[in-house]
Amino acid sequence: MTLASVLDHIDTNLDAALNRLTDLLKIQSISTDPAHKDDCDAAADWLVADLAGLGFQAEKRPTPGHPMVVAKSDGAGPHVLFYGHYDVQPVDPLELWDRPPFEPRIEQTATGPVIRARGASDDKGQLMTFVEACRAWKAVHGTLPGPITIFFEGEEESGSPSLVPFMEANAPELTADIALICDTGLFADRVPAIVTQLRGLVGEEITITGPDKDLHSGMFGGIAINPARVLTRILADLHDDTGRITLPGFYDGVPPLPDDLRAQWEGLDFDHAAFLGGVGLSVPAGETGKMPVEMIWSEPTCEINGMWSGYTGAGFKTVLPSKASAKVSFRLVGQQDPDRIRAAFHDFVTARLPEDCTVDFAPHGASPASQMSTDHPAFEQARAALSDEWPDAAAFVGCGGSIPIAGYFKTLLGMDSMLIGFAKDDDQIHSPNEKYDVESFHKGIRSWARILDRLNG
């Protein structure tokens with residue numbers, strides 16, 4: 001039996017695959033809402049039954065929150081673990097949906113048919129691409145494609161409180177040669193991509209206090225310290241005129257961009273004007289001399305996420321505020337140490353406090369960056385397989401955000417991850433009228449079949 005036979009089976013049975021996805025999308029598995037606890041259970045049960053029907057040893061595993069789904073198959077070849085999540089975001093505001101969010105349908109658009117429903121792209125449509133690839137493989141070959149562990153979570157959209165304890169308690173059975181994660185997308189809506197680096201994150205809230213109460217600015221202005229002025233000066237000092245971050249030691253552990261990766265990224269022909277134009281901007285504001293994609297994927301950042309102080313209501317109130325606050329976040333790359341970055345930020349702020357001012361810090365999470373080792377042969381095998389399926393050659397790319405599960409696979413289970421997904425930028429995940437292109441679903445199934453063929457070749 002050949003790969004061509006598997007691909008033909010996928011093409012012939014696409015309607016049946018879409019019907020199965022539709023059935024899963026009807027289940028209202030909103031993990032953040034306790035009212036939908038039974039729906040999350042139902043989604044897990046649906047997946048267990050579907051995977052068992054394919055020949056996996058599938059189980060619903062309890063946690064203090066929503067259950068995990070773990071399924072396993074035997075066979076020869078490299079052992080892969082495939083991760084996805086069956087829970088979905090809330091649907092609010094409901095009035096902005098064109099139709100009920102849990103009544104999925106195929107809708108014709110100017111760019112082709114799409115599957116419209118909550119969870120279509122994030123992440124039910126994505127995870128089912130892999131399941132359907134396994135289904136086609138089983139139909140053609142009579143067996144599943146080698147040793148596979150499937151790991152579906154039910155709390156990704158609510159902070160994954162049960163994830164780390166479950167992984168620690170079940171580390172031996174979850175550990176594989178490599179992990180596959182399907183919660184990403186195509187680059188520029190057309191180029192198949194394998195995410196090989198994810199930025200880490202440090203968040204911090206600071207509050208600077210001066211006088212013990214708000215003051216009349218006519219009586220005290222000029223003689224009394226103003227915390228808002230102190231705060232804005234400190235925040236402005238975090239960047240120099242070139243956009244470089246001035247925190248001492250901040251760039252320790254930031255690696256140079258490898259030449260081969262730079263060449264791949266240059267070949268992507270990223271249109272930063274179109275990217276920024278979509279949000280009413282035009283000029284990259286990052287560090288001078290960096291490619292726009294570097295600014296998003298491989299360079300660390302320091303951003304002010306919010307500021308408040310004094311009177312902010314309607315009209316005007318001439319107060320000199322007692323307090324001024326801000327939320328600041330740092331995206332990390334390479335080997336940057338989140339704890340050292342936080343400590344350096346504390347020292348940076350404290351050193352700039354004038355007399356009569358104090359500062360309070362409130363931490364908001366810390367996670368290191370994830371850097372995958374593309375030396376593992378699976379990376380080039382997957383890139384070749386994706387390039388065979390799509391018109392554009394696949395590329396190794398970065399991701400500006402953070403996907404904690406990839407880091408957990410590395411730190412807790414000692415394995416690298418390949419993040420491969422087929423979502424598009426306009427899928428409206430987490431928003432009303434979420435969709436997933438039928439092409440993404442169809443070619444996603446074919447892509448996984450090609451990858452499994454390469455891995456088992």
# chains A, B, ... in the order shown; residues from 1 in each chain; ligands from 1
call {"tool": "residues_around", "arguments": {"residues": "region 223-228 of chain A", "least_positions_apart": "2", "cutoff": "10 Å", "atoms": "only C-alpha atoms", "output": "PyMOL selection string"}}
result
chain A and resi 207-211+214-215+217+219-221+230-234+307-310+319-326+353-359
call {"tool": "residues_around", "arguments": {"residues": "Ile178 (chain A)", "least_positions_apart": "6", "cutoff": "6 Å", "atoms": "only C-alpha atoms", "output": "PDB file with C-alpha atoms, in the first residue's frame"}}
result
ATOM      1  CA  VAL A  80       5.082  10.323  18.560  1.00  0.00           C
ATOM      2  CA  MET A 415      11.178  16.034  24.384  1.00  0.00           C
ATOM      3  CA  ASP A 416      11.026  18.606  21.619  1.00  0.00           C
ATOM      4  CA  SER A 417       7.803  19.563  19.896  1.00  0.00           C
TER       5      SER A 417
END
call {"tool": "residues_around", "arguments": {"residues": "region 443-446 of chain A", "least_positions_apart": "4", "cutoff": "7 Å", "atoms": "only C-alpha atoms", "output": "VMD selection string"}}
result
chain A and resid 7 10 129 to 130 132 to 133 422 439 450
call {"tool": "residues_around", "arguments": {"residues": "Glu389 (chain A)", "least_positions_apart": "3", "cutoff": "7 Å", "atoms": "only C-alpha atoms", "output": "list in words"}}
result
Ala385, Leu386 and Ser447 of chain A
call {"tool": "select_by_dssp", "arguments": {"residues": "region 202-337 of chain A", "states": "strand (DSSP E)", "output": "ChimeraX atom specification"}}
result
/A:202-209,215-216,301-309,319-320,323-332
call {"tool": "write_last_selection", "arguments": {"atoms": "N, CA and C atoms", "output": "PDB file, in the first residue's frame"}}
result
ATOM      1  N   VAL A 202       7.339  37.343  31.039  1.00  0.00           N
ATOM      2  CA  VAL A 202       7.376  37.827  32.413  1.00  0.00           C
ATOM      3  C   VAL A 202       6.398  38.993  32.509  1.00  0.00           C
ATOM      4  N   GLY A 203       5.524  38.969  33.485  1.00  0.00           N
ATOM      5  CA  GLY A 203       4.586  40.061  33.705  1.00  0.00           C
ATOM      6  C   GLY A 203       4.775  40.667  35.085  1.00  0.00           C
ATOM      7  N   GLU A 204       4.645  41.968  35.164  1.00  0.00           N
ATOM      8  CA  GLU A 204       4.840  42.655  36.443  1.00  0.00           C
ATOM      9  C   GLU A 204       3.936  43.882  36.516  1.00  0.00           C
ATOM     10  N   GLU A 205       3.295  44.056  37.648  1.00  0.00           N
ATOM     11  CA  GLU A 205       2.519  45.274  37.919  1.00  0.00           C
ATOM     12  C   GLU A 205       3.252  46.092  38.968  1.00  0.00           C
ATOM     13  N   ILE A 206       3.411  47.378  38.702  1.00  0.00           N
ATOM     14  CA  ILE A 206       4.103  48.235  39.666  1.00  0.00           C
ATOM     15  C   ILE A 206       3.181  49.377  40.084  1.00  0.00           C
ATOM     16  N   THR A 207       3.291  49.765  41.333  1.00  0.00           N
ATOM     17  CA  THR A 207       2.557  50.917  41.858  1.00  0.00           C
ATOM     18  C   THR A 207       3.523  51.797  42.626  1.00  0.00           C
ATOM     19  N   ILE A 208       3.654  53.024  42.176  1.00  0.00           N
ATOM     20  CA  ILE A 208       4.506  54.006  42.850  1.00  0.00           C
ATOM     21  C   ILE A 208       3.621  54.931  43.676  1.00  0.00           C
ATOM     22  N   THR A 209       3.997  55.103  44.944  1.00  0.00           N
ATOM     23  CA  THR A 209       3.241  55.948  45.861  1.00  0.00           C
ATOM     24  C   THR A 209       4.091  57.129  46.300  1.00  0.00           C
ATOM     25  N   LEU A 215      -3.694  65.216  46.086  1.00  0.00           N
ATOM     26  CA  LEU A 215      -3.507  66.594  46.504  1.00  0.00           C
ATOM     27  C   LEU A 215      -4.060  67.571  45.474  1.00  0.00           C
ATOM     28  N   HIS A 216      -4.391  68.785  45.941  1.00  0.00           N
ATOM     29  CA  HIS A 216      -4.814  69.870  45.069  1.00  0.00           C
ATOM     30  C   HIS A 216      -3.581  70.357  44.300  1.00  0.00           C
ATOM     31  N   THR A 301      11.149  41.511  23.929  1.00  0.00           N
ATOM     32  CA  THR A 301      10.431  42.787  23.964  1.00  0.00           C
ATOM     33  C   THR A 301      10.181  43.228  25.400  1.00  0.00           C
ATOM     34  N   CYS A 302       9.914  44.505  25.542  1.00  0.00           N
ATOM     35  CA  CYS A 302       9.415  45.094  26.784  1.00  0.00           C
ATOM     36  C   CYS A 302       8.267  46.002  26.390  1.00  0.00           C
ATOM     37  N   GLU A 303       7.078  45.712  26.878  1.00  0.00           N
ATOM     38  CA  GLU A 303       5.903  46.485  26.489  1.00  0.00           C
ATOM     39  C   GLU A 303       5.111  46.946  27.715  1.00  0.00           C
ATOM     40  N   ILE A 304       4.603  48.148  27.635  1.00  0.00           N
ATOM     41  CA  ILE A 304       3.718  48.685  28.670  1.00  0.00           C
ATOM     42  C   ILE A 304       2.297  48.316  28.276  1.00  0.00           C
ATOM     43  N   ASN A 305       1.653  47.504  29.089  1.00  0.00           N
ATOM     44  CA  ASN A 305       0.325  46.992  28.757  1.00  0.00           C
ATOM     45  C   ASN A 305      -0.816  47.818  29.328  1.00  0.00           C
ATOM     46  N   GLY A 306      -0.514  48.651  30.285  1.00  0.00           N
ATOM     47  CA  GLY A 306      -1.555  49.500  30.870  1.00  0.00           C
ATOM     48  C   GLY A 306      -0.968  50.473  31.865  1.00  0.00           C
ATOM     49  N   MET A 307      -1.591  51.662  31.979  1.00  0.00           N
ATOM     50  CA  MET A 307      -1.150  52.689  32.925  1.00  0.00           C
ATOM     51  C   MET A 307      -2.377  53.397  33.485  1.00  0.00           C
ATOM     52  N   TRP A 308      -2.313  53.748  34.773  1.00  0.00           N
ATOM     53  CA  TRP A 308      -3.405  54.520  35.346  1.00  0.00           C
ATOM     54  C   TRP A 308      -2.899  55.304  36.553  1.00  0.00           C
ATOM     55  N   SER A 309      -3.533  56.474  36.758  1.00  0.00           N
ATOM     56  CA  SER A 309      -3.146  57.335  37.878  1.00  0.00           C
ATOM     57  C   SER A 309      -4.114  58.510  37.949  1.00  0.00           C
ATOM     58  N   VAL A 319      -6.044  67.227  40.286  1.00  0.00           N
ATOM     59  CA  VAL A 319      -5.423  66.551  41.423  1.00  0.00           C
ATOM     60  C   VAL A 319      -3.971  66.226  41.091  1.00  0.00           C
ATOM     61  N   LEU A 320      -3.191  66.147  42.127  1.00  0.00           N
ATOM     62  CA  LEU A 320      -1.857  65.578  42.054  1.00  0.00           C
ATOM     63  C   LEU A 320      -1.992  64.195  42.686  1.00  0.00           C
ATOM     64  N   LYS A 323      -0.924  57.915  43.802  1.00  0.00           N
ATOM     65  CA  LYS A 323      -0.344  56.682  43.276  1.00  0.00           C
ATOM     66  C   LYS A 323      -0.351  56.699  41.748  1.00  0.00           C
ATOM     67  N   ALA A 324       0.558  55.951  41.181  1.00  0.00           N
ATOM     68  CA  ALA A 324       0.591  55.730  39.734  1.00  0.00           C
ATOM     69  C   ALA A 324       0.999  54.284  39.493  1.00  0.00           C
ATOM     70  N   SER A 325       0.279  53.615  38.588  1.00  0.00           N
ATOM     71  CA  SER A 325       0.494  52.178  38.379  1.00  0.00           C
ATOM     72  C   SER A 325       0.644  51.854  36.900  1.00  0.00           C
ATOM     73  N   ALA A 326       1.294  50.750  36.636  1.00  0.00           N
ATOM     74  CA  ALA A 326       1.454  50.260  35.264  1.00  0.00           C
ATOM     75  C   ALA A 326       1.608  48.748  35.274  1.00  0.00           C
ATOM     76  N   LYS A 327       1.213  48.133  34.168  1.00  0.00           N
ATOM     77  CA  LYS A 327       1.474  46.716  33.917  1.00  0.00           C
ATOM     78  C   LYS A 327       2.493  46.631  32.786  1.00  0.00           C
ATOM     79  N   VAL A 328       3.565  45.901  33.029  1.00  0.00           N
ATOM     80  CA  VAL A 328       4.661  45.791  32.070  1.00  0.00           C
ATOM     81  C   VAL A 328       4.926  44.307  31.813  1.00  0.00           C
ATOM     82  N   SER A 329       5.111  43.963  30.546  1.00  0.00           N
ATOM     83  CA  SER A 329       5.424  42.573  30.213  1.00  0.00           C
ATOM     84  C   SER A 329       6.681  42.498  29.361  1.00  0.00           C
ATOM     85  N   PHE A 330       7.385  41.395  29.512  1.00  0.00           N
ATOM     86  CA  PHE A 330       8.595  41.115  28.741  1.00  0.00           C
ATOM     87  C   PHE A 330       8.401  39.783  28.017  1.00  0.00           C
ATOM     88  N   ARG A 331       8.559  39.800  26.690  1.00  0.00           N
ATOM     89  CA  ARG A 331       8.609  38.555  25.927  1.00  0.00           C
ATOM     90  C   ARG A 331      10.074  38.136  25.825  1.00  0.00           C
ATOM     91  N   LEU A 332      10.349  36.877  26.115  1.00  0.00           N
ATOM     92  CA  LEU A 332      11.725  36.391  26.227  1.00  0.00           C
ATOM     93  C   LEU A 332      12.054  35.410  25.114  1.00  0.00           C
TER      94      LEU A 332
END
call {"tool": "atom_distance", "arguments": {"atom1": "CA of Gln264 (chain A)", "atom2": "CA of Pro284 (chain A)"}}
result
20.3 Å
call {"tool": "residues_around", "arguments": {"residues": "Gln126 (chain A)", "least_positions_apart": "5", "cutoff": "10 Å", "atoms": "only C-alpha atoms", "output": "tab-separated table (two decimals) with N, CA and C atoms, in the first residue's frame"}}
result
chain	number	residue	atom	x	y	z
A	21	LEU	N	-16.53	15.97	12.19
A	21	LEU	CA	-16.14	17.23	12.82
A	21	LEU	C	-17.37	18.02	13.24
A	84	GLY	N	-3.67	18.04	21.51
A	84	GLY	CA	-4.65	19.05	21.12
A	84	GLY	C	-5.57	19.30	22.31
A	85	HIS	N	-6.50	20.23	22.15
A	85	HIS	CA	-7.46	20.47	23.25
A	85	HIS	C	-8.88	20.52	22.69
A	86	TYR	N	-9.79	19.89	23.43
A	86	TYR	CA	-11.18	19.79	22.98
A	86	TYR	C	-12.07	20.87	23.58
A	119	GLY	N	-14.95	26.77	18.03
A	119	GLY	CA	-14.04	25.64	18.11
A	119	GLY	C	-13.63	25.07	16.77
A	120	ALA	N	-14.17	25.62	15.66
A	120	ALA	CA	-13.85	25.07	14.35
A	120	ALA	C	-12.36	25.12	14.07
A	121	SER	N	-11.72	26.23	14.44
A	121	SER	CA	-10.28	26.38	14.23
A	121	SER	C	-9.50	26.11	15.50
A	131	VAL	N	-6.54	13.04	13.65
A	131	VAL	CA	-7.36	11.84	13.84
A	131	VAL	C	-7.81	11.29	12.49
A	181	ILE	N	2.09	19.21	18.00
A	181	ILE	CA	1.08	20.12	18.53
A	181	ILE	C	0.41	20.81	17.35
A	182	CYS	N	-0.93	20.86	17.37
A	182	CYS	CA	-1.65	21.35	16.19
A	182	CYS	C	-2.31	22.70	16.42
A	183	ASP	N	-1.87	23.46	17.39
A	183	ASP	CA	-2.57	24.69	17.79
A	183	ASP	C	-1.94	25.94	17.15
A	184	THR	N	-1.47	25.83	15.91
A	184	THR	CA	-0.84	26.96	15.22
A	184	THR	C	-1.44	27.09	13.82
A	185	GLY	N	-0.80	27.87	12.95
A	185	GLY	CA	-1.40	28.12	11.65
A	185	GLY	C	-0.40	28.24	10.53
A	420	ILE	N	2.62	22.30	14.32
A	420	ILE	CA	2.17	22.34	12.93
A	420	ILE	C	0.66	22.49	12.92
A	421	GLY	N	0.18	23.56	12.34
A	421	GLY	CA	-1.26	23.77	12.25
A	421	GLY	C	-1.61	24.42	10.93
A	422	PHE	N	-2.92	24.53	10.69
A	422	PHE	CA	-3.38	24.97	9.37
A	422	PHE	C	-4.42	26.08	9.47
A	423	ALA	N	-4.43	26.76	10.62
A	423	ALA	CA	-5.34	27.89	10.81
A	423	ALA	C	-4.89	29.07	9.95
A	436	TYR	N	-13.09	27.76	10.11
A	436	TYR	CA	-11.92	26.99	9.68
A	436	TYR	C	-12.15	26.65	8.22
A	440	SER	N	-8.17	24.10	4.69
A	440	SER	CA	-7.26	23.85	5.80
A	440	SER	C	-7.51	22.47	6.41
A	441	PHE	N	-8.78	22.13	6.56
A	441	PHE	CA	-9.13	20.83	7.12
A	441	PHE	C	-8.69	19.71	6.18
A	444	GLY	N	-4.94	19.73	5.70
A	444	GLY	CA	-4.35	19.39	6.99
A	444	GLY	C	-4.32	17.88	7.20
A	445	ILE	N	-5.42	17.20	6.86
A	445	ILE	CA	-5.46	15.74	6.97
A	445	ILE	C	-4.40	15.12	6.05
call {"tool": "atom_distance", "arguments": {"atom1": "CA of Gly286 (chain A)", "atom2": "CA of Val333 (chain A)"}}
result
15.1 Å
call {"tool": "residues_around", "arguments": {"residues": "Ser367 (chain A)", "least_positions_apart": "5", "cutoff": "7 Å", "atoms": "only C-alpha atoms", "output": "VMD selection string"}}
result
chain A and resid 200 to 202 338
call {"tool": "residues_around", "arguments": {"residues": "Ala395 (chain A)", "least_positions_apart": "4", "cutoff": "7 Å", "atoms": "only C-alpha atoms", "output": "PyMOL selection string"}}
result
chain A and resi 192-194+264+383
